[in-house]
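Each remark here refers to the structure printed beneath this line.
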Amino acid sequence: MSGYTAHFRVWRGDVEGGGLEDFKVEVNDGEVVLDIIHRIQATQAADLAVRWNCKAGKCGSCSAEINGRPRLMCMTRMSVFEQGETVTVTPLRAFPVIRDLVTDVGFNYQKAREVPAFVPPAGLGPGEYRMFQEDVDRSQEFRKCIECFLCQDVCHVVRDHEENKAAYAGPRFLMRVAELDMHPLDAAEAAGLDRKRAAQDEHGLGYCNITKCCTEVCPEGIHITDNALIPLKERAADRKYDPLVWLGSKIRRRPAGG
Amino acid sequence: MATGTEPHPNSGGVRTRTRAAISAPHLRTDRWWLAPAVTAAGLFAFVVYSTWRAFANAHYYSAPYVSPFYSPCLAENCKAMPSGPNADVFGSWWAISPAIIILVFPLGFRLTCYYYRKAYYRSFWASPPACAVAEPHAKYTGETRFPLILQNLHRYFFYFALLVAGVLTYDTVLSFRDPHERWGHMGLGTLVFLVNIVLIWVYTLSCHSCRHIVGGKLKHFSKHPVRYKAWQFVGRLNAWHMQLAWASLVSVALADFYVYLLASGVFDDPRFF
């Protein structure tokens, strides 16, 4: 296949307003959407603002919405589009826009700070941690996250309801809570921190209605819903909605979930 | 935040003032509506069929087969089923269809199932209709309040679903009889029941609550090797939960319909031996 000319519509503007701008731009074999955005920037719109870094799907910078779907621009091949198809690129629509394709993702950093960090176990210093692989497998899946925030962008809880941003951490940070709660050496419970209860009470787990859009858009293929959010919902149910588990933990005099 | 563009307090979803000024509720160009439309049609068809059959109170037994909608049959007005799953627990005061007594449990199990929740939230409630497609509701509280907070009871329905699956397994064993209660026979209905019970069991065991109960709740798999293996097994099934949910929904309806056809005299059960 040789090169062709594609029709791009790119959102340009800032918080005061903006709109979709049309571009006719050259496309060559093997290129991705970010290449085309760079070509537009180099040849037609030198002041087009776009955030990017690695071009390898590992830094999570070039998140945008392409034909209405949250995706990484660097991982979206032009070959997935028909040659005559118009490709529409907009900034993430769940976050405040700064300029053109760049949004303010500060909401996510704020939510990250609200999740209590790993609590080191007593009596073990750095370098003395020993864990079995089967105990860390689950957390390691979640550590693949590149923090592109596509899951946060697509989650309708905050995308469609700005007012929920205060109460809801979003899939990325609920996954962080799950990761820590499943961590074999996290000593939060011994320190009086109940991550299961906090997931529901402080990070808004109940807002999630497990419609799986976070999983659908994750460029790392993390099973966010099935492996993090639903297990976390079940753990929260242990704490808050299951009298049998509560009774069992009292009778056995040890916390459920050893 | 450093940029001074904090989220605007007004609720306007993707049209909130600080976000990119795009008036369209979504810009998707694919057929995003197809999946929720097919799901809605499938679930609606099942609801219509099962409501008809549950309230019909007729044509649910044709020896040796009993419809899964009427098993176990717990009222006095149940048909006589030799060695079958009848127990006159509710007595004679129960005047309507005995199917209603037992269907509450599989219905509750499927209604609170994590897959079906996704399915009906998307297809019936449009919350959201599809990913990155704006939902039509002005307010959203998810599963934080009554009645949706009751979704947390899923594990209890799972326990009941195990019991119901046990009874349906018994029914399948009984289907290896002939119409005169002699053992060691098999007909097309036996095959239908076998397929149905296998699908019912794998769907039930692939449940997310089951995955949690058998091992997911543990922090250290290394201390519980048997439960770890069980968790891995359920996890493999769980990856197919959606497909199993649909397959078992169709199979249970087909098993019931097969019994209906036999009981209403449309045809006789082809016997293999």
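Identifiers for the structure tokens are assigned positionally: chains receive A, B, ... in sequence, residues are indexed from 1 per chain, and ligands are indexed from 1 in the order shown.
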inquiry  = Considering only helix (DSSP H, G or I) as DSSP defines it on the backbone, what residues of stretch 9-251 of chain B qualify? List them as a PyMOL selection string.
reply    = chain B and resi 13-15+34-56+68-70+99-111+114-123+148-174+188-205+208-216+221-223+225-238+241-251
Atoms kept (C-alpha atoms) for selection, written as a compact mmCIF listing (two decimals), in the first residue's frame:
# COMPACT_ATOMS: atom_id res chain seq x y z
CA GLY B 13 -21.43 15.67 31.77
CA VAL B 14 -19.29 15.95 28.64
CA ARG B 15 -20.79 19.39 28.09
CA LEU B 34 -25.92 -2.94 18.16
CA ALA B 35 -24.66 -4.76 21.27
CA PRO B 36 -27.10 -3.12 23.74
CA ALA B 37 -29.96 -3.56 21.24
CA VAL B 38 -29.25 -7.28 20.80
CA THR B 39 -28.84 -7.71 24.55
CA ALA B 40 -32.12 -5.93 25.25
CA ALA B 41 -33.93 -8.04 22.65
CA GLY B 42 -32.50 -11.28 24.05
CA LEU B 43 -33.30 -10.48 27.66
CA PHE B 44 -36.76 -9.19 26.77
CA ALA B 45 -37.54 -12.36 24.82
CA PHE B 46 -36.50 -14.48 27.80
CA VAL B 47 -38.55 -12.40 30.23
CA VAL B 48 -41.66 -12.74 28.05
CA TYR B 49 -41.18 -16.48 27.58
CA SER B 50 -40.36 -17.24 31.20
CA THR B 51 -43.25 -15.12 32.50
CA TRP B 52 -45.68 -17.01 30.28
CA ARG B 53 -44.31 -20.38 31.34
CA ALA B 54 -44.00 -19.53 35.02
CA PHE B 55 -47.61 -18.40 35.31
CA ALA B 56 -49.04 -21.04 32.96
CA PRO B 68 -36.50 -26.72 35.25
CA PHE B 69 -38.91 -23.82 35.81
CA TYR B 70 -41.00 -26.02 38.13
CA ALA B 99 -43.01 -22.13 39.68
CA ILE B 100 -43.17 -18.71 41.31
CA ILE B 101 -41.91 -20.11 44.62
CA ILE B 102 -38.66 -21.40 43.24
CA LEU B 103 -37.99 -19.06 40.32
CA VAL B 104 -37.33 -16.22 42.75
CA PHE B 105 -33.92 -17.72 43.50
CA PRO B 106 -32.46 -18.24 40.01
CA LEU B 107 -34.06 -14.92 39.04
CA GLY B 108 -32.34 -13.18 41.96
CA PHE B 109 -29.06 -14.91 41.11
CA ARG B 110 -29.15 -13.70 37.53
CA LEU B 111 -30.52 -10.28 38.38
CA TYR B 114 -22.15 -9.06 37.66
CA TYR B 115 -22.51 -9.88 33.98
CA TYR B 116 -26.26 -9.34 33.82
CA ARG B 117 -25.86 -6.10 35.74
CA LYS B 118 -23.57 -4.82 33.01
CA ALA B 119 -26.00 -6.10 30.39
CA TYR B 120 -29.16 -4.46 31.71
CA TYR B 121 -27.50 -1.29 32.98
CA ARG B 122 -26.28 -0.75 29.44
CA SER B 123 -29.18 -2.03 27.38
CA LEU B 148 -29.30 -1.07 43.90
CA ILE B 149 -27.23 -1.44 47.05
CA LEU B 150 -29.02 -4.80 47.35
CA GLN B 151 -26.81 -6.02 44.50
CA ASN B 152 -24.35 -6.79 47.29
CA LEU B 153 -26.57 -9.78 48.19
CA HIS B 154 -25.36 -11.63 45.11
CA ARG B 155 -23.40 -14.16 47.19
CA TYR B 156 -26.56 -15.26 49.01
CA PHE B 157 -28.34 -15.87 45.73
CA PHE B 158 -25.25 -17.82 44.69
CA TYR B 159 -25.71 -20.14 47.68
CA PHE B 160 -29.35 -20.70 46.70
CA ALA B 161 -28.32 -21.20 43.07
CA LEU B 162 -26.08 -24.06 44.21
CA LEU B 163 -29.08 -25.74 45.84
CA VAL B 164 -31.23 -25.24 42.74
CA ALA B 165 -28.45 -26.62 40.54
CA GLY B 166 -28.33 -29.64 42.86
CA VAL B 167 -32.05 -30.26 42.37
CA LEU B 168 -31.76 -29.89 38.59
CA THR B 169 -28.91 -32.40 38.69
CA TYR B 170 -31.28 -34.82 40.46
CA ASP B 171 -33.86 -34.17 37.71
CA THR B 172 -31.25 -34.99 35.10
CA VAL B 173 -30.45 -38.27 36.85
CA LEU B 174 -34.18 -39.07 36.87
CA LEU B 188 -33.59 -36.96 23.41
CA GLY B 189 -34.88 -35.17 26.52
CA THR B 190 -32.12 -36.76 28.60
CA LEU B 191 -29.61 -35.19 26.24
CA VAL B 192 -31.34 -31.82 26.48
CA PHE B 193 -31.29 -32.05 30.27
CA LEU B 194 -27.63 -33.11 30.32
CA VAL B 195 -26.52 -30.15 28.21
CA ASN B 196 -28.64 -27.84 30.34
CA ILE B 197 -27.32 -29.03 33.68
CA VAL B 198 -23.69 -28.82 32.53
CA LEU B 199 -24.27 -25.24 31.39
CA ILE B 200 -26.12 -24.37 34.60
CA TRP B 201 -23.24 -25.70 36.70
CA VAL B 202 -20.45 -24.01 34.78
CA TYR B 203 -22.36 -20.72 34.77
CA THR B 204 -23.02 -21.00 38.51
CA LEU B 205 -19.43 -21.91 39.31
CA HIS B 208 -17.62 -13.74 40.58
CA SER B 209 -18.91 -14.33 44.12
CA CYS B 210 -17.92 -17.99 43.83
CA ARG B 211 -14.46 -16.90 42.70
CA HIS B 212 -14.21 -14.69 45.76
CA ILE B 213 -15.50 -17.31 48.18
CA VAL B 214 -13.28 -20.18 47.00
CA GLY B 215 -10.08 -18.15 47.21
CA GLY B 216 -10.28 -14.59 45.93
CA PHE B 221 -2.49 -17.96 48.19
CA SER B 222 0.79 -19.63 49.17
CA LYS B 223 -0.74 -20.61 52.53
CA PRO B 225 -2.69 -24.26 47.92
CA VAL B 226 -5.99 -26.13 47.48
CA ARG B 227 -8.05 -22.95 47.54
CA TYR B 228 -5.53 -21.36 45.17
CA LYS B 229 -6.11 -24.18 42.69
CA ALA B 230 -9.87 -23.79 43.12
CA TRP B 231 -9.57 -20.03 42.56
CA GLN B 232 -7.55 -20.61 39.39
CA PHE B 233 -10.15 -23.08 38.12
CA VAL B 234 -13.05 -20.74 38.82
CA GLY B 235 -11.03 -17.90 37.30
CA ARG B 236 -10.70 -19.82 34.04
CA LEU B 237 -14.47 -20.37 34.00
CA ASN B 238 -15.05 -16.77 35.03
CA HIS B 241 -18.99 -15.80 32.41
CA MET B 242 -20.86 -13.77 29.80
CA GLN B 243 -20.97 -16.59 27.27
CA LEU B 244 -22.00 -19.07 29.96
CA ALA B 245 -24.69 -16.70 31.21
CA TRP B 246 -26.28 -16.61 27.76
CA ALA B 247 -25.73 -20.28 26.98
CA SER B 248 -27.34 -21.39 30.24
CA LEU B 249 -30.21 -18.91 29.82
CA VAL B 250 -30.99 -20.35 26.40
CA SER B 251 -30.51 -23.96 27.54
ask   = Can you list, as number ranges by chain, every protein, DNA or RNA residue that comes within 6 Å of A:Gly18 when you count only C-alpha atoms, leaving out same-chain residues fewer than 5 positions away?
value = A: 12-13; B: 21
Please report, as JSON lines, each residue of chain A lying at most 7 Å from chain B, together with the nearest pair of atoms and the separation in Å rounded to one decimal; use only C-alpha atoms, and order rows by chain and ascending residue number.
{"residue": "A:Asp14", "atom": "CA", "partner": "B:Ala20", "partner_atom": "CA", "distance": 7.0}
{"residue": "A:Val15", "atom": "CA", "partner": "B:Thr18", "partner_atom": "CA", "distance": 5.4}
{"residue": "A:Gly17", "atom": "CA", "partner": "B:Ala21", "partner_atom": "CA", "distance": 5.5}
{"residue": "A:Gly18", "atom": "CA", "partner": "B:Ala21", "partner_atom": "CA", "distance": 5.8}
{"residue": "A:Gly19", "atom": "CA", "partner": "B:Ala21", "partner_atom": "CA", "distance": 6.7}
{"residue": "A:Asn67", "atom": "CA", "partner": "B:Arg28", "partner_atom": "CA", "distance": 5.2}
{"residue": "A:Gly68", "atom": "CA", "partner": "B:Leu27", "partner_atom": "CA", "distance": 4.1}
{"residue": "A:Arg69", "atom": "CA", "partner": "B:Ala132", "partner_atom": "CA", "distance": 6.4}
{"residue": "A:Pro91", "atom": "CA", "partner": "B:Ala20", "partner_atom": "CA", "distance": 7.0}
{"residue": "A:Arg93", "atom": "CA", "partner": "B:Val14", "partner_atom": "CA", "distance": 5.8}
{"residue": "A:Ala94", "atom": "CA", "partner": "B:Val14", "partner_atom": "CA", "distance": 6.2}
{"residue": "A:Phe95", "atom": "CA", "partner": "B:Arg19", "partner_atom": "CA", "distance": 5.9}
{"residue": "A:Pro96", "atom": "CA", "partner": "B:Arg19", "partner_atom": "CA", "distance": 4.3}
{"residue": "A:Val97", "atom": "CA", "partner": "B:Arg19", "partner_atom": "CA", "distance": 5.0}
{"residue": "A:Gly106", "atom": "CA", "partner": "B:Met1", "partner_atom": "CA", "distance": 6.1}
{"residue": "A:Phe132", "atom": "CA", "partner": "B:Ser222", "partner_atom": "CA", "distance": 6.6}
{"residue": "A:Glu134", "atom": "CA", "partner": "B:Phe221", "partner_atom": "CA", "distance": 6.3}
{"residue": "A:Asp135", "atom": "CA", "partner": "B:His220", "partner_atom": "CA", "distance": 5.4}
{"residue": "A:Val154", "atom": "CA", "partner": "B:Ala132", "partner_atom": "CA", "distance": 5.5}
{"residue": "A:His156", "atom": "CA", "partner": "B:Pro128", "partner_atom": "CA", "distance": 6.4}
{"residue": "A:Arg159", "atom": "CA", "partner": "B:Gly13", "partner_atom": "CA", "distance": 5.7}
{"residue": "A:Asp160", "atom": "CA", "partner": "B:Gly13", "partner_atom": "CA", "distance": 3.7}
{"residue": "A:His161", "atom": "CA", "partner": "B:Gly13", "partner_atom": "CA", "distance": 4.9}
{"residue": "A:Glu162", "atom": "CA", "partner": "B:Ser11", "partner_atom": "CA", "distance": 5.2}
{"residue": "A:Glu163", "atom": "CA", "partner": "B:Ser11", "partner_atom": "CA", "distance": 5.8}
{"residue": "A:Met182", "atom": "CA", "partner": "B:Lys219", "partner_atom": "CA", "distance": 5.4}
{"residue": "A:His183", "atom": "CA", "partner": "B:Lys219", "partner_atom": "CA", "distance": 6.9}
{"residue": "A:Pro184", "atom": "CA", "partner": "B:Lys219", "partner_atom": "CA", "distance": 5.7}
{"residue": "A:Gly206", "atom": "CA", "partner": "B:Thr144", "partner_atom": "CA", "distance": 4.6}
{"residue": "A:Tyr207", "atom": "CA", "partner": "B:Gly142", "partner_atom": "CA", "distance": 4.2}
{"residue": "A:Cys208", "atom": "CA", "partner": "B:Gly142", "partner_atom": "CA", "distance": 6.1}
{"residue": "A:Asn209", "atom": "CA", "partner": "B:Gly142", "partner_atom": "CA", "distance": 5.8}
{"residue": "A:Ile210", "atom": "CA", "partner": "B:Lys118", "partner_atom": "CA", "distance": 5.9}
{"residue": "A:Thr211", "atom": "CA", "partner": "B:Lys118", "partner_atom": "CA", "distance": 4.5}
{"residue": "A:Cys213", "atom": "CA", "partner": "B:Cys131", "partner_atom": "CA", "distance": 5.4}
{"residue": "A:Pro231", "atom": "CA", "partner": "B:His212", "partner_atom": "CA", "distance": 6.5}
{"residue": "A:Glu234", "atom": "CA", "partner": "B:His212", "partner_atom": "CA", "distance": 6.7}
{"residue": "A:Arg235", "atom": "CA", "partner": "B:Lys217", "partner_atom": "CA", "distance": 6.6}
{"residue": "A:Ala237", "atom": "CA", "partner": "B:Asn152", "partner_atom": "CA", "distance": 6.1}
{"residue": "A:Tyr241", "atom": "CA", "partner": "B:Asn152", "partner_atom": "CA", "distance": 6.7}
{"residue": "A:Gly257", "atom": "CA", "partner": "B:Leu218", "partner_atom": "CA", "distance": 4.3}
{"residue": "A:Gly258", "atom": "CA", "partner": "B:Leu218", "partner_atom": "CA", "distance": 5.4}
Residues from last step as file, N, CA and C atoms, as a tab-separated table (two decimals), in the first residue's frame:
chain	number	residue	atom	x	y	z
A	14	ASP	N	-9.64	26.13	23.50
A	14	ASP	CA	-9.26	26.09	24.91
A	14	ASP	C	-10.52	26.16	25.75
A	15	VAL	N	-10.36	26.49	27.03
A	15	VAL	CA	-11.50	26.45	27.93
A	15	VAL	C	-12.57	27.48	27.56
A	17	GLY	N	-13.55	28.03	24.49
A	17	GLY	CA	-14.33	27.53	23.36
A	17	GLY	C	-13.43	26.95	22.29
A	18	GLY	N	-14.03	26.39	21.28
A	18	GLY	CA	-13.23	25.79	20.21
A	18	GLY	C	-14.12	24.96	19.30
A	19	GLY	N	-13.49	24.25	18.39
A	19	GLY	CA	-14.29	23.43	17.49
A	19	GLY	C	-13.40	22.49	16.68
A	67	ASN	N	-12.31	9.10	16.80
A	67	ASN	CA	-13.67	8.72	16.38
A	67	ASN	C	-14.52	8.36	17.59
A	68	GLY	N	-14.40	9.17	18.60
A	68	GLY	CA	-15.24	9.05	19.79
A	68	GLY	C	-14.82	8.01	20.80
A	69	ARG	N	-13.73	7.28	20.53
A	69	ARG	CA	-13.30	6.22	21.45
A	69	ARG	C	-11.99	6.62	22.11
A	91	PRO	N	-9.71	16.00	22.39
A	91	PRO	CA	-9.10	15.74	23.70
A	91	PRO	C	-10.01	14.85	24.53
A	93	ARG	N	-12.67	13.83	27.00
A	93	ARG	CA	-13.85	14.67	27.27
A	93	ARG	C	-14.32	14.62	28.71
A	94	ALA	N	-13.58	13.92	29.57
A	94	ALA	CA	-13.98	13.88	30.98
A	94	ALA	C	-13.24	14.92	31.82
A	95	PHE	N	-12.21	15.51	31.21
A	95	PHE	CA	-11.35	16.41	31.99
A	95	PHE	C	-11.37	17.82	31.39
A	96	PRO	N	-11.03	18.81	32.21
A	96	PRO	CA	-10.99	20.18	31.70
A	96	PRO	C	-9.95	20.31	30.60
A	97	VAL	N	-10.30	21.02	29.55
A	97	VAL	CA	-9.36	21.19	28.45
A	97	VAL	C	-8.40	22.34	28.77
A	106	GLY	N	-5.29	16.68	36.31
A	106	GLY	CA	-4.98	16.85	37.73
A	106	GLY	C	-5.94	16.12	38.66
A	132	PHE	N	5.91	-14.92	47.75
A	132	PHE	CA	5.72	-15.97	46.76
A	132	PHE	C	5.08	-15.38	45.51
A	134	GLU	N	2.87	-16.55	43.53
A	134	GLU	CA	1.40	-16.66	43.45
A	134	GLU	C	0.71	-15.61	44.31
A	135	ASP	N	1.42	-15.08	45.30
A	135	ASP	CA	0.82	-14.05	46.15
A	135	ASP	C	0.87	-12.65	45.52
A	154	VAL	N	-13.20	7.32	30.35
A	154	VAL	CA	-14.38	6.65	29.78
A	154	VAL	C	-15.42	6.32	30.84
A	156	HIS	N	-18.30	6.44	32.99
A	156	HIS	CA	-19.46	7.34	32.92
A	156	HIS	C	-19.79	7.98	34.25
A	159	ARG	N	-17.45	10.94	33.84
A	159	ARG	CA	-17.53	11.53	32.50
A	159	ARG	C	-18.89	12.23	32.30
A	160	ASP	N	-19.95	11.54	32.74
A	160	ASP	CA	-21.29	12.10	32.54
A	160	ASP	C	-21.84	12.82	33.77
A	161	HIS	N	-21.08	12.78	34.86
A	161	HIS	CA	-21.59	13.40	36.09
A	161	HIS	C	-20.43	14.07	36.82
A	162	GLU	N	-20.18	15.30	36.46
A	162	GLU	CA	-19.07	16.06	37.05
A	162	GLU	C	-19.15	16.09	38.58
A	163	GLU	N	-20.39	16.11	39.09
A	163	GLU	CA	-20.57	16.23	40.54
A	163	GLU	C	-20.07	15.00	41.30
A	182	MET	N	-4.60	-6.59	48.13
A	182	MET	CA	-4.19	-7.95	47.78
A	182	MET	C	-2.69	-8.15	48.00
A	183	HIS	N	-1.98	-7.09	48.31
A	183	HIS	CA	-0.52	-7.18	48.47
A	183	HIS	C	-0.18	-8.03	49.70
A	184	PRO	N	0.65	-9.07	49.53
A	184	PRO	CA	0.88	-10.00	50.64
A	184	PRO	C	1.58	-9.36	51.85
A	206	GLY	N	-19.08	2.06	45.46
A	206	GLY	CA	-20.49	1.79	45.17
A	206	GLY	C	-21.00	2.50	43.93
A	207	TYR	N	-20.32	3.54	43.48
A	207	TYR	CA	-20.75	4.24	42.26
A	207	TYR	C	-20.50	3.38	41.02
A	208	CYS	N	-19.49	2.51	41.10
A	208	CYS	CA	-19.15	1.68	39.94
A	208	CYS	C	-20.29	0.70	39.68
A	209	ASN	N	-20.83	0.70	38.47
A	209	ASN	CA	-21.87	-0.29	38.14
A	209	ASN	C	-21.35	-1.31	37.13
A	210	ILE	N	-20.06	-1.55	37.22
A	210	ILE	CA	-19.35	-2.63	36.53
A	210	ILE	C	-19.77	-2.81	35.07
A	211	THR	N	-19.87	-1.71	34.34
A	211	THR	CA	-20.25	-1.81	32.94
A	211	THR	C	-19.03	-2.00	32.03
A	213	CYS	N	-16.41	-0.49	30.80
A	213	CYS	CA	-15.78	0.36	29.79
A	213	CYS	C	-14.30	0.56	30.10
A	231	PRO	N	-13.61	-8.04	42.48
A	231	PRO	CA	-13.06	-8.58	43.73
A	231	PRO	C	-13.09	-7.57	44.88
A	234	GLU	N	-16.54	-7.46	46.22
A	234	GLU	CA	-16.79	-8.63	47.07
A	234	GLU	C	-16.12	-8.47	48.43
A	235	ARG	N	-14.93	-7.90	48.44
A	235	ARG	CA	-14.24	-7.68	49.72
A	235	ARG	C	-14.98	-6.65	50.57
A	237	ALA	N	-18.16	-6.15	50.38
A	237	ALA	CA	-19.37	-6.85	50.83
A	237	ALA	C	-19.06	-7.70	52.07
A	241	TYR	N	-21.70	-5.98	54.18
A	241	TYR	CA	-23.03	-6.51	53.85
A	241	TYR	C	-23.18	-7.99	54.10
A	257	GLY	N	-10.05	-13.63	55.40
A	257	GLY	CA	-9.23	-13.38	54.23
A	257	GLY	C	-7.75	-13.56	54.43
A	258	GLY	N	-7.35	-14.37	55.43
A	258	GLY	CA	-5.93	-14.61	55.70
A	258	GLY	C	-5.18	-15.07	54.56
request  = Select from stretch 19-262 of chain B everything DSSP, run on the backbone, classes as strand (DSSP E), then give the selection as a list in words.
outcome  =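 Restricting stretch 19-262 of chain B to strand (DSSP E) produces Tyr61, Ser62, Tyr65 and Val66 of chain B.
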Taking C-alpha atoms for each residue, export the selection above as an mmCIF file, in the first residue's frame.
data_model
loop_
_atom_site.group_PDB
_atom_site.id
_atom_site.type_symbol
_atom_site.label_atom_id
_atom_site.label_comp_id
_atom_site.auth_asym_id
_atom_site.auth_seq_id
_atom_site.Cartn_x
_atom_site.Cartn_y
_atom_site.Cartn_z
ATOM 1 C CA TYR B 61 -44.203 -32.589 33.518
ATOM 2 C CA SER B 62 -43.946 -35.409 31.050
ATOM 3 C CA TYR B 65 -38.934 -35.052 32.606
ATOM 4 C CA VAL B 66 -39.847 -32.101 34.788
#
query = What is the atom CA of A:Thr76 to atom CA of A:Ile224 distance in Å?
reply =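 Value for the atom CA of A:Thr76-atom CA of A:Ile224 distance: 20.9 Å.
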